[in-house]
Every structure is written in structure tokens, then in C-alpha cells.
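Asks: I have a structure I would like to understand better, so I am pasting it below and will then ask my questions one at a time.
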Amino acid sequence: MLSAVELALAVPFVTAMVLAAAGRWLPRVVVDAVAMAAALTVIGLLGVVLWRAVRHGTVVVWLGGWGPHGGISNGIPLVADPFAAGLALVVAVLTVAALMFSWRYFTEVQAIFHVLMLMFLGAMCAFALTGDVFDAFVFFELMSTVAYVLTGYRAEEARTVHGALNFGVVNSIGAYLTLTGIALMYGRTGELGFAAIGERVRAAGEPDAGLLVAFTLLCTGFLVKAAAVPFHFWLADAHAVAPTPVCVLFSGIMVELGVYAVARAHWTILGGTADAVLAGFGAVTMLLGGVMCVLQPHIKRLLAYSTISHVGLLLTCVALMRADALTGAAFYLLGHAGVKSALFIGAGMLLNRFQTVDETELHGRARGMRVTSCLFLLGGLGLAGLPPGGMWLGKVLAERAAEPYGWWWFTVLGLLAAGLTGGAVLRVWLRVFHGAGAAPTRHPVEHEDAETAEPTPRKPLPMLVPGVLLLGGGLLTVVLPASAVAGGAEVFTTGYTEAVLYGEASVAPAGRPPSPWTFSGVASGLAGIVAALAVAALGVWGGRLPQPARLGTVLRGLHSGHVGDYIAWVLAGIALFAVLTVVTR
Amino acid sequence: MAWAAYLTAGWIVLAGFYGIVTSRNLVHVVVCLSVAQSATYLLLLSVGYRWGATAPVFSDIRPGRPVVDPVVQAMTLTDVVVGATVTALLLALTVQVSKRRGTVDPDALRTLEE
């Protein structure tokens, strides 16, 4: 009898295989229904798993029954602690939203699209739930490969295949570096499980330079996936060209899974106190993502860069190496998943209607789209940290966690990230939906084909519903039981090895995190909104400031779309990361 | 002598990277990616290698005879499969780039930033 964890992974893959074999003879509505039923089943199963993990402690399943004896095991575990199960659940929820959106969005889509989406779902869930580094690599590759195909799905467009190719090469290099790290780690410890490796490393005492280099290589692929600067170049290229429902999954959860894997590896293998090197990478990512976001007229690229900025904040939370920072990161991730997915759906609505997502071309043309307009307004405010949104709550909790270290810059950068990314979206809202500011003079260079054959008829309700629901979810994350999330963070940071190797799953007795509804908490959210409004107003009515404009040209020139440049950056980044990690420890 | 295998793996991965960074042809990029990946095969196999040991097939060797680590061999095999998939897919994308843009030179492809 398979456990719920195994079933949750089996259902999407088996359904995908059935659809791949039979899809061409099935009418579209059947394909839609089967795919949707599979994704909903996964939600149900993972809901049960999450409930059990929260109530009774981490669920560990050893595949084939090869469990551990006295802490030693040759088997491969699936580990569903509250965070892993919760992330897998987010994947499933976003997949349902994406499938629902594509129901009307892709009028002439073939079953292969559903097959790919289900495999993407299965691979991401498996990546979140596996407790084995080599399996993590395999599922990392599986989800990446499916992601390349989904990015290049509309292969008739040059930009699309170019973006997919860049994505593929950069992520593959990252994956191979991760495998190199895994091989070195295996050579050192003779183990492949996260928990088992950690046991051996701790038994050997303070990690030496060789082990640290292995660790940095192991993390490289995950950092590439997480789009940490300077590994981030693929992200905007891929997000700008991928179909909208796919972007929902990319930005909402796939990129964040990279951060999750870094966190998992960091806690189980190295442990220790705050990691200033990782924090540095996170800080630069936050800042560069925000700046690039403001410089973008292409709405999907703009949203992609804002994702980079927010992931930088998540990385910095991880670098704090504290459970309370992780609680904040969890809320931030949930809020971001909802809000950003809704914004991508809004961008998809624009693309569907006007065959372009260029802000200057769309100037004032979308006045009639009321719901989409609301998505952009509330989405922009949500990114800026509107209380009681998840991103506000997460950021406030993380700022509290950073205080003991004296990382005052975290608050400053968090405010900048919120202001720049939220402001950019609000600027789009003002210009596109209200025709604010000067009318554009620039002429269009290249039109995109709509992702649909022809503009979908009026009242595209199935497309809007997931956007509205996701936005609502992102802004109301605060209703989640905070003590359960804090308990999940506690289990993530302390209870992993005991649960996996010794079967001692525990429910961490974490108290409620401090209430965010204090003066400083609300002020932090309002400051983000004021900053965003200022950025938006400056963008619409401020004209072009000469100095930032030149900086912008340089920055945008760096994102050249040249795959060789990207790989050179990856190499420089990994060298810097390894050297700094070895020197500072 | 184990260090020689590690050095070779490092050399191969750097050669692959150098090829990608300086490449003027996307097909060459994809092949260089495979070159960089083949370093992981070598690394994995050398991690599990034992001098004087034989293949881990237990049907025809006497018990107690040392064998090389079968785990890394299974990992290498998986790695080869992954590599084949990725290479095929990236080459297919290269074909599409060539069809749509009329070139496979990364320098000639316009930036996606505009």
C-alpha cells in the first residue's frame, strides 16, 4: 500500500503518461478534466500529508521499506516536514490555477501541454519532498527540462526559443555543478541523504576547505534556480517569453524552490550561525532586481525582475539561519506566490487583448478592463507591503529576526525592494489603465504573437477567477495559524535529522511569533507603500533623470541575452561564492 | 594517483566552460555543455574507484573480493540519461533558433532586453 506522500508523486506522473499516450484521441474537454482532476487529487493528498505533519510531526517514508537501523540507512527517504509539504501544496494549488487559466486562454492547445504541466507538478513536488541529494539533483533536472520545454512551447517565435535556450544552458550548467558538489560530498562522507551527510560532517568536526567547496558547488545549481545575482540572467529571458500560465508556476514557486533547497542543504549539512556571504548575495539580488524592475517597459520582464528582488529577500532570510526568520520567509513566500501569480495573470489578460505587454504601447488603452486594473493596483500595493498581506507580514517578522545581528541594512534594502518593485507595478497601473503621464513617442519594434489564436471573447471569467483568488490568498495569508508556521520553521531547523534517521518525529512546541500589528510593523508596511507611490509618480511624471538613465543603459546592457556572457557570470559568481565561504569560515 | 583523475575532471569542466563562453555557434555551445558534463562522469567514477578492485557484479566472483562502488556507477548512468535528454532538447531549440533568426551565432542574436 502506497502512502499518501508516494501517491501524491505517483498521481501526476501516471496521469501525464496516460495523457501522453491517449491525448491525441481525446477531446479537449476530457484532457482538461483529467489533468484538473489529477492536480486536485494531489492537492487533497498533500493536504492530508501537511495536516499530519503539522499535528503529529514530520512524515518520513523510506522508498521500498529500506528504513534506517540505528541511524544508518542505505535507503532513500521522502521527508514531508510542514515546510516541504506546504511548498508541495503551493505547487499543486498554483498548477490548478494555471490549468484553470489555460482552459480558455489556450484555445488550440494540445494534450502535450497538460502532460508537461503535470510532469512539472510532479517534479517540483518530488524536489520539495525528497530527502536525498542525488534524488534532489534528478528531480531538479526533471523540473528544469520540463521548464525549458514549457518556456519554448510556442516554438514559432524567435524570442521564445532564444529565451528557452538561454534558460536551458545556464540551468544545466548549474545542475552539473550541483552534481559535482554531490560527488565530492559523497566522496567525503559516503552518504547521499541530507540528514546522513550532516551526521557525518558533524562527526568529523569543523568543516574544512574541501568540504566547504563541495558545499558551495552543491548550492550553485540551487542558486542558479533561485536567480541569485550573478546567476539570475536566465530568469528574465525565460519569464518574458514563457506562456502566462507557465510564468505563474515559474515565478510563484519554481524559483523559490531553489531557495528552499539552499536552506535545506545549509541547515542539514553545515548548520551554524548567520552566513554573511549568502546574505551578501541576497542583498545584491534584492537591490539589482528592484532597479532592473523599474527600468523595464516590458511588463512580463518587469514582473520577472521583481521576482528576482523578492527572492533576494528570501535568500537573506535563509542566511540569518534562524527559525523566526524562516517563519517570516514562509509568509513572504506565500504572499509573493499569490500576488505575483495574480500579476502574471493580469499581464496575460493584457497580452490576450492587445497582443503586447509593452507599457509604452499600452498607454491608456486598457481603461475598460476593470478587474485586471484592480489586479494590478492591489498587486502593486501587495508587493510594496500592504498590511495585512503575506509579504508585509513576512518582511516584518524577518526584520525582527535580523535585529539581534544588527543587520540594519536588511530593513533598508527591504524597503527599497518593496518600493521599487511595487512602484514599478503601480506605474504600469497608472499608465496602462489610466493613461497617466505623457503619451509615448516610441514606436513599436517587434510585435508578439498572442499566445492564443484570436483574442478570447468577452467575459473571460475562467481566466480572471484564478487571478482574483490568488490575489486574495496572497493578501490574506495573515489568516494562517502563525503558531503552526512557526512550528514548521522550528522543525525545519532542528528536528530534521532525528525525524529522518531515528524516526523521532516531533512537533516543535513553538509559541506564536510576535504580533506584527505594532506601530513599527504597520509603519514598515506604510513606508513601503509611500516609497512605491513615490517611485510610481516619479516614473510617470518625473521625466527621465539623466544620471540613472546612464546607469540603466549599462545595467541593461549587461543583460545581453548572450549565453556565453551568462556562463562567464556564473563562473565568476561560483568562484566568488566559494572563495568567500572558505575565507569567512 | 587519485588526484590525477580529479585534476582531469576539473580540466574538462573548465574546457567546456571556455568553449561556451567563447563560442560562435549554438551547436558548439550545446556540445561544450556535454563536454562540461562529462567531467561529472569522470569525477563520480573516480570517487568510487578502488585500486585492485573488480566490477561490482557478484555472480562470478568469490565473496570478499573488493569491488568498486556501484552507487556512483548508478549515479553516472542516471547522469548520462539526463545529459542525453538535455542535449537533444537544446539541439532542438537550436534548430528553431536557426529557423526563426536565420543564424546560430550567439553574437548575432539580438538582446531580449528590448
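Following the order of the C-alpha cells, chains are lettered A, B, ..., residues in each are numbered from 1, and ligands are numbered from 1.
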Do you have, as a Markdown table, the list of residues of chain A lying at most 6 Å from chain B, each with its nearest atom pair and that distance in Å to one decimal, counting only C-alpha atoms and ordered by chain then number?
Replies:
```
| residue | atom | partner | partner_atom | distance |
| --- | --- | --- | --- | --- |
| A:Ala158 | CA | B:Arg100 | CA | 5.0 |
| A:Val161 | CA | B:Leu93 | CA | 5.8 |
| A:Thr180 | CA | B:Thr40 | CA | 5.8 |
| A:Ala183 | CA | B:Leu44 | CA | 5.6 |
| A:Gly187 | CA | B:Val47 | CA | 5.4 |
| A:Ser560 | CA | B:Thr111 | CA | 5.1 |
| A:Gly561 | CA | B:Thr111 | CA | 4.7 |
| A:His562 | CA | B:Pro106 | CA | 5.8 |
| A:Gly564 | CA | B:Val21 | CA | 3.8 |
```
Asks: Take the residues from that selection and write them out as a compact mmCIF listing (two decimals), in the first residue's frame, keeping N, CA, C and O atoms.
Replies:
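Contents of again-v1.txt, freshly written:
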```txt
# COMPACT_ATOMS: atom_id res chain seq x y z
N ALA A 158 10.86 33.56 -32.46
CA ALA A 158 12.30 33.55 -32.27
C ALA A 158 12.69 33.89 -30.83
O ALA A 158 13.56 33.25 -30.25
N VAL A 161 12.24 30.77 -28.41
CA VAL A 161 13.23 29.71 -28.41
C VAL A 161 14.58 30.23 -27.92
O VAL A 161 15.33 29.51 -27.26
N THR A 180 28.53 17.93 -9.30
CA THR A 180 29.93 17.88 -8.89
C THR A 180 30.03 17.98 -7.37
O THR A 180 30.78 17.23 -6.73
N ALA A 183 28.98 14.74 -5.81
CA ALA A 183 30.01 13.70 -5.93
C ALA A 183 31.11 13.91 -4.89
O ALA A 183 31.55 12.97 -4.23
N GLY A 187 32.09 11.53 -1.86
CA GLY A 187 33.46 11.06 -1.67
C GLY A 187 33.94 11.31 -0.24
O GLY A 187 34.69 10.51 0.33
N SER A 560 22.58 40.82 -21.71
CA SER A 560 22.72 40.93 -23.15
C SER A 560 21.97 39.86 -23.92
O SER A 560 21.85 39.95 -25.13
N GLY A 561 21.50 38.80 -23.26
CA GLY A 561 20.88 37.71 -23.99
C GLY A 561 21.92 36.81 -24.64
O GLY A 561 21.58 35.91 -25.38
N HIS A 562 23.21 37.05 -24.35
CA HIS A 562 24.30 36.26 -24.92
C HIS A 562 24.64 35.14 -23.95
O HIS A 562 25.08 35.40 -22.83
N GLY A 564 27.02 33.03 -23.74
CA GLY A 564 28.41 32.97 -23.28
C GLY A 564 28.66 33.93 -22.13
O GLY A 564 29.32 33.59 -21.14
```
Asks: Counting only C-alpha atoms, what is within 9 Å of A:Pro387, bar same-chain residues fewer than 6 positions away, as a PyMOL selection string?
Replies: chain A and resi 393+475+522+525-526
Asks: Name the residues in contact with B:Arg50 at a cut-off of 10 Å, using only C-alpha atoms, excluding same-chain residues fewer than 4 positions from it; report them as an NGL selection string.
Replies: :B and (2 or 45-46 or 54 or 66-69)
Asks: Can you write out the residues you just picked, keeping N, CA, C and O atoms, as a compact mmCIF listing (two decimals), in the first residue's frame?
Replies:
```txt
# COMPACT_ATOMS: atom_id res chain seq x y z
N ALA B 2 45.07 9.30 -7.28
CA ALA B 2 43.66 9.69 -7.37
C ALA B 2 43.53 11.15 -7.78
O ALA B 2 42.60 11.51 -8.50
N LEU B 45 32.98 8.51 -11.12
CA LEU B 45 33.61 7.19 -11.19
C LEU B 45 34.89 7.17 -10.36
O LEU B 45 35.19 6.18 -9.70
N SER B 46 35.65 8.28 -10.37
CA SER B 46 36.90 8.24 -9.59
C SER B 46 36.63 8.30 -8.09
O SER B 46 37.41 7.80 -7.32
N THR B 54 37.46 -5.10 -8.48
CA THR B 54 36.85 -5.51 -9.74
C THR B 54 35.44 -4.94 -9.86
O THR B 54 34.98 -4.20 -8.98
N PRO B 66 37.38 -7.40 -3.18
CA PRO B 66 36.97 -5.99 -3.21
C PRO B 66 36.40 -5.58 -4.56
O PRO B 66 36.87 -6.03 -5.61
N VAL B 67 35.35 -4.77 -4.52
CA VAL B 67 34.74 -4.26 -5.75
C VAL B 67 34.69 -2.74 -5.68
O VAL B 67 34.75 -2.16 -4.60
N VAL B 68 34.57 -2.11 -6.84
CA VAL B 68 34.41 -0.65 -6.85
C VAL B 68 32.97 -0.32 -6.45
O VAL B 68 32.09 -1.17 -6.51
N ASP B 69 32.76 0.96 -6.08
CA ASP B 69 31.46 1.36 -5.53
C ASP B 69 30.38 1.36 -6.63
O ASP B 69 30.50 2.12 -7.60
```
Asks: Taking the backbone alone, and naming residues the way the document does, which bits of chain B are alpha helix (DSSP H) by DSSP, as number ranges by chain?
Replies: B: 2-22, 26-47, 70-101
Asks: Could you write those residues out with C-alpha atoms, as a PDB file, in the first residue's frame?
Replies:
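Saved to selection.pdb:
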```pdb
ATOM      1  CA  ALA B   2      43.659   9.690  -7.374  1.00  0.00           C
ATOM      2  CA  TRP B   3      44.393  13.373  -7.649  1.00  0.00           C
ATOM      3  CA  ALA B   4      45.140  12.963 -11.364  1.00  0.00           C
ATOM      4  CA  ALA B   5      41.530  11.933 -12.007  1.00  0.00           C
ATOM      5  CA  TYR B   6      40.213  14.923 -10.043  1.00  0.00           C
ATOM      6  CA  LEU B   7      42.523  17.301 -11.886  1.00  0.00           C
ATOM      7  CA  THR B   8      41.417  15.871 -15.220  1.00  0.00           C
ATOM      8  CA  ALA B   9      37.767  16.331 -14.273  1.00  0.00           C
ATOM      9  CA  GLY B  10      38.471  19.939 -13.319  1.00  0.00           C
ATOM     10  CA  TRP B  11      40.316  20.477 -16.585  1.00  0.00           C
ATOM     11  CA  ILE B  12      37.451  19.055 -18.642  1.00  0.00           C
ATOM     12  CA  VAL B  13      34.822  21.185 -16.934  1.00  0.00           C
ATOM     13  CA  LEU B  14      36.901  24.318 -17.457  1.00  0.00           C
ATOM     14  CA  ALA B  15      37.454  23.405 -21.106  1.00  0.00           C
ATOM     15  CA  GLY B  16      33.705  23.060 -21.530  1.00  0.00           C
ATOM     16  CA  PHE B  17      33.069  26.422 -19.890  1.00  0.00           C
ATOM     17  CA  TYR B  18      35.727  28.095 -22.006  1.00  0.00           C
ATOM     18  CA  GLY B  19      34.060  26.676 -25.092  1.00  0.00           C
ATOM     19  CA  ILE B  20      30.639  28.019 -24.125  1.00  0.00           C
ATOM     20  CA  VAL B  21      31.904  31.462 -23.186  1.00  0.00           C
ATOM     21  CA  THR B  22      33.839  31.993 -26.424  1.00  0.00           C
ATOM     22  CA  LEU B  26      24.956  27.430 -30.681  1.00  0.00           C
ATOM     23  CA  VAL B  27      25.521  23.821 -31.726  1.00  0.00           C
ATOM     24  CA  HIS B  28      29.054  24.226 -30.404  1.00  0.00           C
ATOM     25  CA  VAL B  29      27.584  25.642 -27.176  1.00  0.00           C
ATOM     26  CA  VAL B  30      25.425  22.568 -26.670  1.00  0.00           C
ATOM     27  CA  VAL B  31      28.330  20.218 -27.376  1.00  0.00           C
ATOM     28  CA  CYS B  32      30.534  22.165 -24.955  1.00  0.00           C
ATOM     29  CA  LEU B  33      27.819  21.734 -22.362  1.00  0.00           C
ATOM     30  CA  SER B  34      28.087  17.976 -22.878  1.00  0.00           C
ATOM     31  CA  VAL B  35      31.869  18.263 -22.504  1.00  0.00           C
ATOM     32  CA  ALA B  36      31.461  20.076 -19.195  1.00  0.00           C
ATOM     33  CA  GLN B  37      29.030  17.414 -18.088  1.00  0.00           C
ATOM     34  CA  SER B  38      31.358  14.560 -18.954  1.00  0.00           C
ATOM     35  CA  ALA B  39      33.613  15.873 -16.193  1.00  0.00           C
ATOM     36  CA  THR B  40      30.931  14.783 -13.728  1.00  0.00           C
ATOM     37  CA  TYR B  41      31.069  11.210 -15.119  1.00  0.00           C
ATOM     38  CA  LEU B  42      34.797  11.098 -14.510  1.00  0.00           C
ATOM     39  CA  LEU B  43      34.507  12.649 -11.076  1.00  0.00           C
ATOM     40  CA  LEU B  44      31.758  10.271  -9.961  1.00  0.00           C
ATOM     41  CA  LEU B  45      33.614   7.192 -11.188  1.00  0.00           C
ATOM     42  CA  SER B  46      36.896   8.242  -9.591  1.00  0.00           C
ATOM     43  CA  VAL B  47      35.168   8.941  -6.275  1.00  0.00           C
ATOM     44  CA  PRO B  70      28.313   0.515  -7.533  1.00  0.00           C
ATOM     45  CA  VAL B  71      26.424   3.565  -6.219  1.00  0.00           C
ATOM     46  CA  VAL B  72      28.494   6.041  -8.233  1.00  0.00           C
ATOM     47  CA  GLN B  73      28.091   3.863 -11.308  1.00  0.00           C
ATOM     48  CA  ALA B  74      24.311   4.027 -10.956  1.00  0.00           C
ATOM     49  CA  MET B  75      24.586   7.790 -10.484  1.00  0.00           C
ATOM     50  CA  THR B  76      26.755   8.110 -13.597  1.00  0.00           C
ATOM     51  CA  LEU B  77      24.249   6.118 -15.610  1.00  0.00           C
ATOM     52  CA  THR B  78      21.439   8.422 -14.468  1.00  0.00           C
ATOM     53  CA  ASP B  79      23.632  11.377 -15.294  1.00  0.00           C
ATOM     54  CA  VAL B  80      24.199  10.058 -18.840  1.00  0.00           C
ATOM     55  CA  VAL B  81      20.438   9.734 -19.356  1.00  0.00           C
ATOM     56  CA  VAL B  82      19.865  13.269 -18.084  1.00  0.00           C
ATOM     57  CA  GLY B  83      22.631  14.536 -20.358  1.00  0.00           C
ATOM     58  CA  ALA B  84      21.160  12.853 -23.437  1.00  0.00           C
ATOM     59  CA  THR B  85      17.743  14.389 -22.775  1.00  0.00           C
ATOM     60  CA  VAL B  86      19.096  17.872 -22.203  1.00  0.00           C
ATOM     61  CA  THR B  87      21.375  17.734 -25.257  1.00  0.00           C
ATOM     62  CA  ALA B  88      18.560  16.576 -27.523  1.00  0.00           C
ATOM     63  CA  LEU B  89      16.233  19.252 -26.249  1.00  0.00           C
ATOM     64  CA  LEU B  90      18.758  22.072 -26.530  1.00  0.00           C
ATOM     65  CA  LEU B  91      19.696  20.993 -30.055  1.00  0.00           C
ATOM     66  CA  ALA B  92      16.011  21.051 -31.000  1.00  0.00           C
ATOM     67  CA  LEU B  93      15.776  24.591 -29.639  1.00  0.00           C
ATOM     68  CA  THR B  94      18.895  25.499 -31.618  1.00  0.00           C
ATOM     69  CA  VAL B  95      17.227  24.257 -34.796  1.00  0.00           C
ATOM     70  CA  GLN B  96      14.264  26.506 -34.025  1.00  0.00           C
ATOM     71  CA  VAL B  97      16.536  29.499 -33.345  1.00  0.00           C
ATOM     72  CA  SER B  98      18.231  28.894 -36.669  1.00  0.00           C
ATOM     73  CA  LYS B  99      14.868  28.724 -38.457  1.00  0.00           C
ATOM     74  CA  ARG B 100      13.428  31.869 -36.865  1.00  0.00           C
ATOM     75  CA  ARG B 101      16.500  34.080 -36.634  1.00  0.00           C
TER      76      ARG B 101
END
```
Asks: Rounded to one decimal place, report the atom CA of A:Ala92-atom CA of A:Ile43 distance in Å.
Replies: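 Atom-to-atom, atom CA of A:Ala92 to atom CA of A:Ile43, that is 5.7 Å.
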Asks: By how many Å are atom CA of A:Val201 and atom CA of A:Ile269 apart?
Replies: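 Separating atom CA of A:Val201 from atom CA of A:Ile269 is a distance of 6.8 Å.
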Asks: Using only C-alpha atoms, which residues sit within 6 Å of stretch 356-362 of chain A once same-chain residues fewer than 6 positions away are excluded, as a PDB file with N, CA and C atoms, in the first residue's frame?
Replies:
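Listed below is the output, out18.pdb:
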```pdb
ATOM      1  N   PRO A 297      10.101  48.457 -19.482  1.00  0.00           N
ATOM      2  CA  PRO A 297       8.770  48.753 -20.021  1.00  0.00           C
ATOM      3  C   PRO A 297       7.977  47.483 -20.367  1.00  0.00           C
ATOM      4  N   HIS A 298       8.667  46.347 -20.543  1.00  0.00           N
ATOM      5  CA  HIS A 298       8.007  45.087 -20.894  1.00  0.00           C
ATOM      6  C   HIS A 298       7.443  44.478 -19.609  1.00  0.00           C
ATOM      7  N   ILE A 299       6.110  44.363 -19.520  1.00  0.00           N
ATOM      8  CA  ILE A 299       5.501  44.073 -18.220  1.00  0.00           C
ATOM      9  C   ILE A 299       5.917  42.708 -17.681  1.00  0.00           C
ATOM     10  N   VAL A 432      -1.050  52.337 -17.980  1.00  0.00           N
ATOM     11  CA  VAL A 432      -1.808  51.467 -18.883  1.00  0.00           C
ATOM     12  C   VAL A 432      -3.309  51.601 -18.667  1.00  0.00           C
ATOM     13  N   PRO A 440       3.228  58.172 -25.203  1.00  0.00           N
ATOM     14  CA  PRO A 440       4.525  57.663 -25.669  1.00  0.00           C
ATOM     15  C   PRO A 440       4.855  58.151 -27.071  1.00  0.00           C
TER      16      PRO A 440
END
```
